[in-house]
Every structure is written in C-alpha cells, then in structure tokens.
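Engineer: My structure is stored as start11.tsv, with TSV, C-alpha atoms.
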chain	number	residue	atom	x	y	z
O	28	MET	CA	0.14	3.52	16.82
O	29	THR	CA	-1.08	0.30	15.34
O	30	ARG	CA	-4.08	-1.09	17.25
O	31	LEU	CA	-7.43	0.48	18.02
O	32	LEU	CA	-10.66	-1.25	18.98
O	33	ALA	CA	-13.37	-0.32	16.52
O	34	ALA	CA	-16.26	-0.76	18.90
O	35	ALA	CA	-14.54	1.21	21.63
O	36	LEU	CA	-13.58	4.05	19.40
O	37	ALA	CA	-17.18	4.51	18.42
O	38	LEU	CA	-17.39	6.43	21.68
O	39	ILE	CA	-15.76	9.34	19.90
O	40	GLY	CA	-19.03	10.00	18.19
O	41	LEU	CA	-20.69	10.54	21.59
O	42	THR	CA	-18.42	13.37	22.64
O	43	ALA	CA	-17.05	14.71	19.40
O	44	CYS	CA	-18.63	18.13	19.36
O	45	ALA	CA	-21.64	20.19	20.23
O	46	PRO	CA	-24.72	20.20	17.97
O	47	PRO	CA	-23.84	21.79	14.63
O	48	SER	CA	-24.30	25.50	14.14
O	49	PRO	CA	-25.99	26.89	11.04
O	50	THR	CA	-22.54	27.11	9.44
O	51	ALA	CA	-21.57	23.49	10.21
O	52	ALA	CA	-19.69	21.58	7.55
O	53	LYS	CA	-21.61	20.00	4.72
O	54	GLU	CA	-20.94	16.55	3.28
O	55	GLY	CA	-17.49	15.89	1.89
O	56	GLU	CA	-15.83	18.64	3.89
O	57	LEU	CA	-13.64	17.34	6.73
O	58	VAL	CA	-10.50	15.49	5.60
O	59	VAL	CA	-8.39	13.56	8.10
O	60	ALA	CA	-4.97	12.16	7.15
O	61	GLY	CA	-3.63	9.49	9.49
O	62	TYR	CA	-2.09	6.09	10.04
O	63	GLY	CA	-3.01	3.18	7.78
O	64	GLY	CA	-3.41	-0.54	8.37
O	65	SER	CA	-5.52	-1.75	11.28
O	66	TYR	CA	-5.75	1.83	12.56
O	67	GLN	CA	-7.42	2.98	9.36
O	68	GLU	CA	-9.81	0.02	9.34
O	69	ALA	CA	-11.02	0.64	12.87
O	70	PHE	CA	-11.18	4.37	12.28
O	71	GLU	CA	-13.35	4.10	9.19
O	72	GLN	CA	-15.66	1.51	10.72
O	73	ALA	CA	-16.30	3.16	14.06
O	74	VAL	CA	-14.82	6.61	14.58
O	75	LEU	CA	-15.97	8.35	11.44
O	76	PRO	CA	-19.62	7.21	11.38
O	77	GLY	CA	-20.22	8.37	14.95
O	78	PHE	CA	-18.51	11.69	14.40
O	79	GLU	CA	-20.37	12.27	11.14
O	80	LYS	CA	-23.70	11.61	12.82
O	81	THR	CA	-23.02	13.92	15.74
O	82	CYS	CA	-21.66	16.76	13.65
O	83	SER	CA	-23.92	16.34	10.58
O	84	CYS	CA	-20.84	16.23	8.42
O	85	LYS	CA	-18.90	13.92	6.15
O	86	VAL	CA	-15.32	12.85	6.88
O	87	THR	CA	-12.85	11.51	4.34
O	88	TYR	CA	-9.89	9.54	5.71
O	89	ILE	CA	-6.56	9.46	3.87
O	90	ALA	CA	-4.14	6.77	5.04
O	91	GLY	CA	-0.37	7.07	5.01
O	92	SER	CA	2.74	7.12	7.15
O	93	SER	CA	3.62	10.24	9.10
O	94	THR	CA	6.26	11.22	6.56
O	95	ASP	CA	3.78	10.65	3.71
O	96	THR	CA	1.24	12.89	5.40
O	97	VAL	CA	3.77	15.67	5.98
O	98	ALA	CA	4.79	15.43	2.32
O	99	LYS	CA	1.15	15.89	1.32
O	100	LEU	CA	0.85	18.92	3.59
O	101	LYS	CA	3.93	20.48	2.01
O	102	GLY	CA	2.56	19.88	-1.47
O	103	GLN	CA	-0.75	21.50	-0.51
O	104	LYS	CA	0.69	24.38	1.51
O	105	ASP	CA	-0.78	27.11	-0.68
O	106	ALA	CA	-4.18	25.40	-0.96
O	107	PRO	CA	-4.66	22.88	1.88
O	108	GLN	CA	-7.02	19.97	1.26
O	109	ILE	CA	-6.45	18.22	4.61
O	110	ASP	CA	-8.06	19.46	7.82
O	111	VAL	CA	-6.59	17.16	10.49
O	112	ALA	CA	-3.22	15.40	10.43
O	113	LEU	CA	-2.42	12.48	12.77
O	114	ILE	CA	1.36	12.10	12.81
O	115	ASP	CA	4.26	11.05	15.04
O	116	ASP	CA	6.06	13.72	17.01
O	117	GLY	CA	9.28	13.73	14.93
O	118	PRO	CA	7.61	14.47	11.58
O	119	GLN	CA	5.21	16.77	13.41
O	120	ALA	CA	8.11	19.00	14.42
O	121	GLN	CA	9.12	19.23	10.76
O	122	ALA	CA	5.58	20.24	9.84
O	123	VAL	CA	5.55	22.92	12.53
O	124	GLN	CA	8.86	24.33	11.32
O	125	ALA	CA	7.48	24.47	7.79
O	126	GLY	CA	4.44	26.43	8.97
O	127	LEU	CA	2.01	23.68	8.01
O	128	LEU	CA	0.08	23.38	11.28
O	129	ALA	CA	-2.19	25.74	13.21
O	130	LYS	CA	-2.34	26.54	16.90
O	131	LEU	CA	-5.13	24.82	18.77
O	132	ASP	CA	-7.99	27.02	19.95
O	133	PRO	CA	-8.58	26.49	23.71
O	134	LYS	CA	-12.21	27.50	23.23
O	135	ALA	CA	-12.71	24.51	20.94
O	136	VAL	CA	-10.08	22.10	22.30
O	137	THR	CA	-11.36	22.50	25.83
O	138	ARG	CA	-9.46	19.55	27.30
O	139	LEU	CA	-5.95	20.93	26.86
O	140	ASP	CA	-5.72	21.62	30.58
O	141	LYS	CA	-6.12	17.87	31.19
O	142	VAL	CA	-3.19	16.89	28.96
O	143	GLU	CA	0.03	15.56	30.50
O	144	LYS	CA	3.00	17.91	30.26
O	145	VAL	CA	4.91	15.52	27.98
O	146	ALA	CA	2.02	15.61	25.48
O	147	ARG	CA	1.58	19.39	25.43
O	148	LEU	CA	3.44	20.63	22.39
O	149	PRO	CA	5.14	24.05	22.02
O	150	GLU	CA	2.61	26.87	21.65
O	151	ASP	CA	-0.13	24.20	21.55
O	152	ILE	CA	0.47	23.60	17.87
O	153	GLY	CA	-0.99	20.11	17.91
O	154	VAL	CA	-1.31	17.80	20.90
O	155	GLY	CA	-0.27	14.27	21.78
O	156	PHE	CA	-3.29	11.95	21.97
O	157	ALA	CA	-1.46	8.65	22.52
O	158	LEU	CA	1.83	7.94	24.28
O	159	THR	CA	4.32	5.11	24.40
O	160	ALA	CA	7.99	4.88	25.33
O	161	THR	CA	11.13	3.97	23.43
O	162	GLY	CA	13.29	1.74	25.60
O	163	LEU	CA	14.72	-1.77	25.79
O	164	ALA	CA	12.92	-5.00	24.90
O	165	TYR	CA	14.21	-8.44	25.79
O	166	ASN	CA	13.25	-12.13	25.84
O	167	SER	CA	12.89	-12.73	29.57
O	168	ASP	CA	13.08	-16.54	29.29
O	169	TRP	CA	16.29	-16.43	27.26
O	170	TYR	CA	17.85	-13.94	29.65
O	171	ALA	CA	17.01	-16.11	32.67
O	172	LYS	CA	18.30	-19.31	31.06
O	173	ASN	CA	21.57	-17.62	30.12
O	174	GLY	CA	22.15	-15.96	33.46
O	175	LEU	CA	21.65	-12.37	32.30
O	176	GLN	CA	20.00	-9.66	34.34
O	177	PRO	CA	17.33	-7.54	32.60
O	178	PRO	CA	18.95	-4.67	30.69
O	179	LYS	CA	19.07	-1.30	32.43
O	180	ARG	CA	20.80	0.75	29.75
O	181	LEU	CA	21.66	0.48	26.07
O	182	SER	CA	25.25	-0.63	26.76
O	183	ASP	CA	23.88	-3.82	28.35
O	184	LEU	CA	23.02	-4.94	24.81
O	185	ALA	CA	26.75	-4.99	24.06
O	186	ASP	CA	27.26	-7.97	26.39
O	187	PRO	CA	29.31	-10.67	24.55
O	188	LYS	CA	26.65	-13.25	25.43
O	189	LEU	CA	24.31	-11.41	23.06
O	190	LYS	CA	26.60	-11.77	20.03
O	191	GLY	CA	24.39	-12.23	16.96
O	192	LYS	CA	21.23	-12.02	19.06
O	193	VAL	CA	20.46	-8.30	18.86
O	194	VAL	CA	18.31	-6.64	16.21
O	195	LEU	CA	19.23	-2.96	16.12
O	196	PRO	CA	16.81	-0.50	14.54
O	197	SER	CA	18.10	1.50	11.61
O	198	ILE	CA	18.34	5.25	12.04
O	199	SER	CA	15.88	5.48	9.16
O	200	ASN	CA	13.11	4.85	11.71
O	201	THR	CA	12.33	6.58	14.98
O	202	TYR	CA	13.58	3.72	17.13
O	203	GLY	CA	17.02	4.06	15.55
O	204	VAL	CA	17.12	7.72	16.52
O	205	GLY	CA	16.05	6.60	19.97
O	206	ALA	CA	18.95	4.14	20.17
O	207	LEU	CA	21.42	6.86	19.26
O	208	MET	CA	19.97	9.26	21.82
O	209	LEU	CA	19.93	6.62	24.58
O	210	ALA	CA	23.61	5.94	23.90
O	211	ALA	CA	24.33	9.67	23.92
O	212	ARG	CA	22.60	10.14	27.28
O	213	GLU	CA	24.47	7.21	28.77
O	214	GLY	CA	27.77	8.62	27.51
O	215	GLY	CA	27.24	12.10	28.90
O	216	GLY	CA	25.01	13.72	26.30
O	217	SER	CA	27.12	14.21	23.19
O	218	VAL	CA	26.36	12.78	19.75
O	219	GLU	CA	29.95	11.52	19.63
O	220	ALA	CA	29.24	9.44	22.73
O	221	GLY	CA	26.04	8.26	21.09
O	222	PHE	CA	27.79	6.91	18.03
O	223	ALA	CA	30.50	5.30	20.15
O	224	GLY	CA	27.87	3.54	22.25
O	225	VAL	CA	25.75	2.41	19.31
O	226	LYS	CA	28.78	0.96	17.53
O	227	LYS	CA	29.51	-1.25	20.53
O	228	VAL	CA	25.96	-2.63	20.43
O	229	ALA	CA	26.13	-2.97	16.64
O	230	ALA	CA	28.91	-5.53	17.09
O	231	ASN	CA	26.21	-7.86	18.47
O	232	ALA	CA	23.60	-7.05	15.81
O	233	PHE	CA	22.69	-9.58	13.16
O	234	THR	CA	20.57	-7.04	11.27
O	235	PHE	CA	19.42	-3.42	11.25
O	236	ASP	CA	15.65	-3.20	11.02
O	237	THR	CA	13.98	-0.50	8.92
O	238	THR	CA	10.34	-1.51	9.47
O	239	ALA	CA	9.89	-0.65	13.18
O	240	ASP	CA	8.25	-4.07	13.67
O	241	VAL	CA	10.73	-6.66	14.94
O	242	SER	CA	8.12	-9.17	16.15
O	243	ASN	CA	9.12	-11.91	13.75
O	244	TYR	CA	12.77	-11.74	14.75
O	245	PHE	CA	11.74	-12.56	18.31
O	246	LEU	CA	9.16	-15.17	17.35
O	247	GLN	CA	11.66	-17.00	15.14
O	248	GLY	CA	14.33	-16.96	17.83
O	249	GLN	CA	16.72	-14.73	15.90
O	250	ALA	CA	16.56	-11.83	18.35
O	251	VAL	CA	16.52	-11.70	22.13
O	252	ALA	CA	17.00	-7.95	22.62
O	253	THR	CA	16.39	-4.66	20.84
O	254	VAL	CA	15.42	-0.99	21.18
O	255	TRP	CA	11.66	-0.85	20.73
O	256	GLY	CA	8.39	0.75	21.80
O	257	GLY	CA	6.54	-0.27	24.93
O	258	SER	CA	3.16	-0.65	23.22
O	259	ARG	CA	4.66	-2.94	20.57
O	260	VAL	CA	6.26	-5.06	23.28
O	261	GLU	CA	2.92	-5.50	25.05
O	262	THR	CA	1.21	-6.41	21.79
O	263	LEU	CA	3.74	-9.21	21.23
O	264	ALA	CA	3.40	-10.29	24.87
O	265	ASP	CA	-0.31	-10.85	24.21
O	266	LYS	CA	0.74	-13.73	21.96
O	267	LYS	CA	2.11	-15.44	25.06
O	268	PHE	CA	5.67	-14.63	24.04
O	269	PRO	CA	8.10	-14.00	26.94
O	270	ILE	CA	9.05	-10.46	26.04
O	271	LYS	CA	9.38	-7.61	28.49
O	272	PHE	CA	10.00	-3.88	28.30
O	273	ALA	CA	12.63	-2.08	30.38
O	274	TYR	CA	12.77	1.64	31.01
O	275	PRO	CA	16.44	2.73	30.66
O	276	GLU	CA	18.02	4.27	33.75
O	277	GLU	CA	18.89	7.39	31.75
O	278	GLY	CA	15.21	7.87	30.96
O	279	ALA	CA	12.97	6.42	28.28
O	280	ILE	CA	12.17	8.51	25.23
O	281	PRO	CA	8.50	9.45	24.75
O	282	LEU	CA	6.92	8.60	21.42
O	283	LEU	CA	3.76	10.58	20.75
O	284	ALA	CA	1.02	10.23	18.21
O	285	THR	CA	-0.12	13.80	17.68
O	286	ALA	CA	-3.37	15.29	16.41
O	287	ASN	CA	-3.04	18.54	14.47
O	288	VAL	CA	-5.22	21.10	12.75
O	289	VAL	CA	-3.71	22.01	9.40
O	290	ASN	CA	-2.82	25.66	8.91
O	291	LYS	CA	-5.51	27.35	6.82
O	292	ALA	CA	-7.57	24.15	6.91
O	293	PRO	CA	-10.73	24.41	4.82
O	294	HIS	CA	-12.84	23.52	7.86
O	295	ALA	CA	-10.76	24.59	10.80
O	296	GLU	CA	-13.57	24.91	13.34
O	297	LEU	CA	-14.73	21.34	12.85
O	298	ALA	CA	-11.12	20.17	12.81
O	299	GLN	CA	-10.55	21.71	16.25
O	300	LYS	CA	-13.57	19.83	17.61
O	301	PHE	CA	-12.31	16.60	16.09
O	302	VAL	CA	-8.99	16.97	17.90
O	303	ASN	CA	-10.80	17.64	21.15
O	304	ALA	CA	-12.74	14.38	20.73
O	305	LEU	CA	-9.52	12.36	20.82
O	306	LEU	CA	-8.76	13.73	24.30
O	307	GLU	CA	-11.93	12.45	25.94
O	308	PRO	CA	-11.09	10.14	28.89
O	309	GLY	CA	-13.30	7.31	27.67
O	310	ILE	CA	-11.49	7.19	24.35
O	311	GLN	CA	-8.11	7.45	26.02
O	312	GLU	CA	-8.95	4.51	28.30
O	313	LYS	CA	-9.99	2.33	25.37
O	314	LEU	CA	-6.85	3.20	23.43
O	315	ALA	CA	-4.83	2.01	26.41
O	316	ALA	CA	-6.85	-1.20	26.78
O	317	GLU	CA	-6.63	-2.24	23.15
O	318	GLY	CA	-3.40	-0.73	21.83
O	319	TYR	CA	-1.35	-0.21	25.01
O	320	ASP	CA	-0.97	3.46	24.20
O	321	GLY	CA	-0.73	5.39	27.43
O	322	PRO	CA	-3.37	8.05	28.05
O	323	THR	CA	-2.21	11.61	27.56
O	324	VAL	CA	-4.92	13.09	29.78
O	325	THR	CA	-4.79	13.16	33.56
O	326	ASP	CA	-8.39	12.12	34.18
O	327	ALA	CA	-8.29	8.77	32.39
O	328	THR	CA	-8.73	5.83	34.77
O	329	LEU	CA	-7.14	2.40	34.21
O	330	ASP	CA	-7.33	-0.77	36.27
O	331	ALA	CA	-4.12	-1.85	37.99
O	332	ALA	CA	-3.26	-4.66	35.57
O	333	LEU	CA	-3.57	-2.44	32.52
O	334	ALA	CA	-1.82	0.50	34.18
O	335	ALA	CA	1.23	-1.71	34.68
O	336	ARG	CA	1.48	-2.25	30.91
O	337	VAL	CA	1.27	1.30	29.63
O	338	VAL	CA	3.01	4.59	30.25
O	339	GLY	CA	1.46	6.10	33.37
O	340	SER	CA	1.53	9.63	34.77
O	341	LYS	CA	4.63	8.96	36.89
O	342	GLN	CA	6.55	7.43	33.99
O	343	ALA	CA	5.40	10.18	31.65
O	344	ALA	CA	6.74	12.80	34.06
O	345	GLU	CA	10.13	11.04	34.21
O	346	MET	CA	10.58	10.64	30.45
O	347	LYS	CA	12.90	12.98	28.63
O	348	PRO	CA	11.58	14.24	25.27
O	349	LEU	CA	13.90	14.73	22.35
O	350	ASP	CA	14.50	18.16	20.87
O	351	TRP	CA	13.01	17.26	17.52
O	352	THR	CA	14.02	20.57	15.96
O	353	GLU	CA	17.65	19.72	16.65
O	354	VAL	CA	17.21	16.06	15.69
O	355	ASN	CA	15.51	16.84	12.39
O	356	GLY	CA	18.15	19.45	11.56
O	357	SER	CA	20.90	16.87	12.06
O	358	ARG	CA	19.08	13.80	10.75
O	359	ALA	CA	20.61	13.76	7.27
O	360	ALA	CA	24.16	14.06	8.58
O	361	TRP	CA	23.53	11.45	11.29
O	362	THR	CA	22.03	9.06	8.74
O	363	ASP	CA	25.07	9.36	6.50
O	364	ARG	CA	27.41	8.79	9.42
O	365	TRP	CA	25.32	5.88	10.74
O	366	THR	CA	25.46	4.17	7.34
O	367	LYS	CA	29.22	4.51	7.15
O	368	GLU	CA	30.17	3.85	10.77
O	369	VAL	CA	27.48	1.71	12.35
O	370	GLU	CA	25.89	-0.52	9.73
O	371	ARG	CA	29.16	-1.04	7.87
O	372	SER	CA	31.34	-1.51	10.93
Take the structure in this file and express it as structure tokens.
Structural biologist:
Amino acid sequence: MTRLLAAALALIGLTACAPPSPTAAKEGELVVAGYGGSYQEAFEQAVLPGFEKTCSCKVTYIAGSSTDTVAKLKGQKDAPQIDVALIDDGPQAQAVQAGLLAKLDPKAVTRLDKVEKVARLPEDIGVGFALTATGLAYNSDWYAKNGLQPPKRLSDLADPKLKGKVVLPSISNTYGVGALMLAAREGGGSVEAGFAGVKKVAANAFTFDTTADVSNYFLQGQAVATVWGGSRVETLADKKFPIKFAYPEEGAIPLLATANVVNKAPHAELAQKFVNALLEPGIQEKLAAEGYDGPTVTDATLDAALAARVVGSKQAAEMKPLDWTEVNGSRAAWTDRWTKEVERS
C-alpha cells in the first residue's frame, strides 16, 4: 500500500480512541512498525500527531517491508518492543503461525462487525484495513491497435502477439504467487496446472520483475501486459497512461494490508485502539480516494467515479482468498521449482 494523503489521514486523530484513562500510555510507549516510503512520510506527518494528541501518548514509527517487520517480531518474540504491525496478508499468516500476533479485543476494536468478510482474518487475529486485487493489467491502446480483446484469464497473456511484451512477476513477490495461483485455478486447481500455465506465459516474458512495481516497463513501452495489483494500475492511470485492470474470470486474488496487535505487546490496550482507528469510515474513504485501496468496512461511502476504480463490496465478495498457510508452507519448494522451470525455460 503505497499512497496515503497526509492531510486526509489526519482524521485518524479525531476518532482514534476515547479520552485516556489514568493508566494511559506515557511518552515513548506505542511502537508501530509499517510500510516505508511515501506511506511512512504521510503517516509521520499526519497520522501520528493527531493520534498522540488524542491519546496523550507518544508513537514511534519503524519503517520496513512486511517481511522485515515479521523478522523483527520473531527476533523480539520473548521481549516484544513493537505494539502494532502493519503487514501484508501473506507475511501476516506466517506471523500468526509463529504465535507473534494477538487476537483483537472486540471491546476495543468495536468496528469489527463492519468489516467485509474478505478482510476478517481467522479468529480475528489482525484485520485487513485496506484491500486491492491481484489480476491482469494491460495497455488498452496497444491492445486496441493490435486487434486484441482485453484479457479475461492468465492464459490470454500467452497469445503469440504478446511475444516479448509481457513482464511476469517473480515468485519472490506476492504478484508472482498470484500468477501461479491464477494459472492453477484456470487449469482446475492443481499446482501442476499452475506451473504448466505460467510456463506458457513465460514464453512471452522479456523479464521477471522482483520489485512489484512495473510502472517503468509500461511507460517505456517494454511491457503491454502483466499480473499486477488494481491500486497500482489506477495510480499509473493517473499519469494519463492507457492502462486498465481486468478481473480474471476465475476470480481475482485479494491483497490485504493488515493491522495487528503484537502478542504480549508492551501497550496492548492502546494498540487495540490504534487498530480500531484505521477502520473508521472517514479514513477508509480517504484511503480509497488517494491510494485506490478499497475500503474494508461496509459503511464507507464512495462517489460513483471512485467506486469504479477500487475494489467494492460486490467484487470483494466474489474474490477468492489464498490459503496462506498452505502457500507459505510450500513457498520454498515452489520458488526452487519456479527458478528452474519458469525463469530458466
């Protein structure tokens, strides 16, 4: 989740939590680990000051990728120093399995009953606060000029007309896992079918991206199709580039940014309130407007133009989540096989 509007996110401070109790956190207590880059900048400029004022507390923000944050949690398991972890759903499942995250308290996270089904995590250990979809992205102008219909499934990227025009994500990032799973679903559900399908598309690939940001490949004319996230597609479209997102017929894969209270967090009560703040409808609406992350709560209201560019309730209900426990358990073996069979084919 890469874009947040600083001014909009200041709203978090208005609804973050009730007035502090006599045992409220003192300065230097709450530690939040989350995404870096523009997200961190906006967060530190707008989110934290408002929350600190409302809760009479101090928040320290630690930036890092989801895998970096999970590694920190593992290293601190016996003596946690982080209170809240903001991480993608794949690494989040690893953290749950390792016993690093706590169950949310419905008395503190009072908006759980407003969360979309796809964003409610098992046993309410964490919650999705922003949602996008992994599907197909394509240059609509190029497709039209070359007589191609918009892609409807991953196998459409194996069309001979796309030879050397596809950037395929590496399995080292979440979009690569998504590509494999889309191919598996199209082929009947098995991993064998997934690898067979991905290899056909790989014949058209000129590179395998490890960064999860393929914008430049499109802007430079190297790529005309890929497997990518809906919010990233809309961000590139804002630059007046003719890129569109297609939901695969077999079902797009949800990609969640999750908010989690760390198990045995030093300031668990305040951490629970912080998570609840991210579920406020006003904040959810601004996230959608500025970052094209679909709301995960049912009472957020978007205008028609914006609603058409983000994951809505209907699309969220139709998406098919991955079993991240199974995926993470097989990831190492799949990565080895991908390296040998897909990227070297």
Engineer: If you count all atoms listed in the file, which residues fall within 9 Å of Gly191 in chain O, apart from same-chain ones fewer than 2 positions away, as a compact mmCIF listing (two decimals) with C-alpha atoms, in the coordinates of the input?
Structural biologist:
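Written file, out_29.txt:
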# COMPACT_ATOMS: atom_id res chain seq x y z
CA LYS O 188 26.65 -13.25 25.43
CA LEU O 189 24.31 -11.41 23.06
CA VAL O 193 20.46 -8.30 18.86
CA VAL O 194 18.31 -6.64 16.21
CA ALA O 230 28.91 -5.53 17.09
CA ASN O 231 26.21 -7.86 18.47
CA ALA O 232 23.60 -7.05 15.81
CA PHE O 233 22.69 -9.58 13.16
CA THR O 234 20.57 -7.04 11.27
CA GLN O 249 16.72 -14.73 15.90
CA ALA O 250 16.56 -11.83 18.35
Engineer: Would you please work out which residue, of O:Gly155, O:Thr362, O:Gln299, O:Glu312, is nearest to Thr137 in chain O when using all atoms listed in the file?
Structural biologist: O:Gln299
Engineer: Calculated over all atoms listed in the file, which of the candidates O:Gly77, O:Lys267, O:Glu68, O:Ala106 has the smallest distance to Ile89 in chain O?
Structural biologist: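 Among the listed residues, O:Glu68 lies closest to Ile89 in chain O.
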Engineer: Can you tell me, as a list in words, what residues are no more than 12 Å from Ala360 in chain O when counting all atoms listed in the file, ignoring any on the same chain fewer than 5 positions away?
Structural biologist: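 Here the qualifying residues turn out to be Ile198, Ser199, Val218, Glu353, Val354, Asn355, Trp365, Thr366 and Lys367 of chain O.
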Engineer: List the spatial neighbours of Lys172 in chain O as a ChimeraX atom specification - criterion: any atom at most 12 Å away, all atoms listed in the file, same-chain residues fewer than 5 positions off excluded.
Structural biologist: /O:166-167,177,188,251
Engineer: Which residues are near Lys130 in chain O? Cut-off 9 Å, only C-alpha atoms, ignore same chain within fewer than 3 positions. Put them as number ranges by chain.
Structural biologist: O: 150-153, 287-290
Engineer: With 9 Å as the cut-off and all atoms listed in the file counted, what is the closest atom pair between each nearby residue of range 140-211 of chain O and range 334-348 of chain O? Distances in Å to one decimal, ordered by chain and number, as CSV.
Structural biologist:
residue,atom,partner,partner_atom,distance
O:Glu143,CA,O:Ser340,CA,7.5
O:Lys144,CA,O:Ala344,CA,7.4
O:Val145,CA,O:Ala343,CA,6.5
O:Ala146,CA,O:Ala343,CA,8.9
O:Leu158,CA,O:Val338,CA,6.9
O:Thr159,CA,O:Val338,CA,6.0
O:Ala160,CA,O:Val338,CA,7.0
Engineer: Please produce an output containing C-alpha atoms for each residue in the selection, written as a short mmCIF file (atom, residue, chain, number, x, y, z; two decimals), in the coordinates of the input.
Structural biologist:
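The result, stored in out.cif:
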data_model
loop_
_atom_site.label_atom_id
_atom_site.label_comp_id
_atom_site.auth_asym_id
_atom_site.auth_seq_id
_atom_site.Cartn_x
_atom_site.Cartn_y
_atom_site.Cartn_z
CA GLU O 143 0.03 15.56 30.50
CA LYS O 144 3.00 17.91 30.26
CA VAL O 145 4.91 15.52 27.98
CA ALA O 146 2.02 15.61 25.48
CA LEU O 158 1.83 7.94 24.28
CA THR O 159 4.32 5.11 24.40
CA ALA O 160 7.99 4.88 25.33
#
Engineer: Measuring between all atoms listed in the file, which one of O:Asp240, O:Asp110, O:Glu276, O:Asp115 shows the shortest distance to Leu263 in chain O?
Structural biologist: O:Asp240
Engineer: Have a look at O:Lys266, O:Arg147, O:Lys226, O:Lys101 and name the one nearest to Ser182 in chain O; count only C-alpha atoms.
Structural biologist: O:Lys226
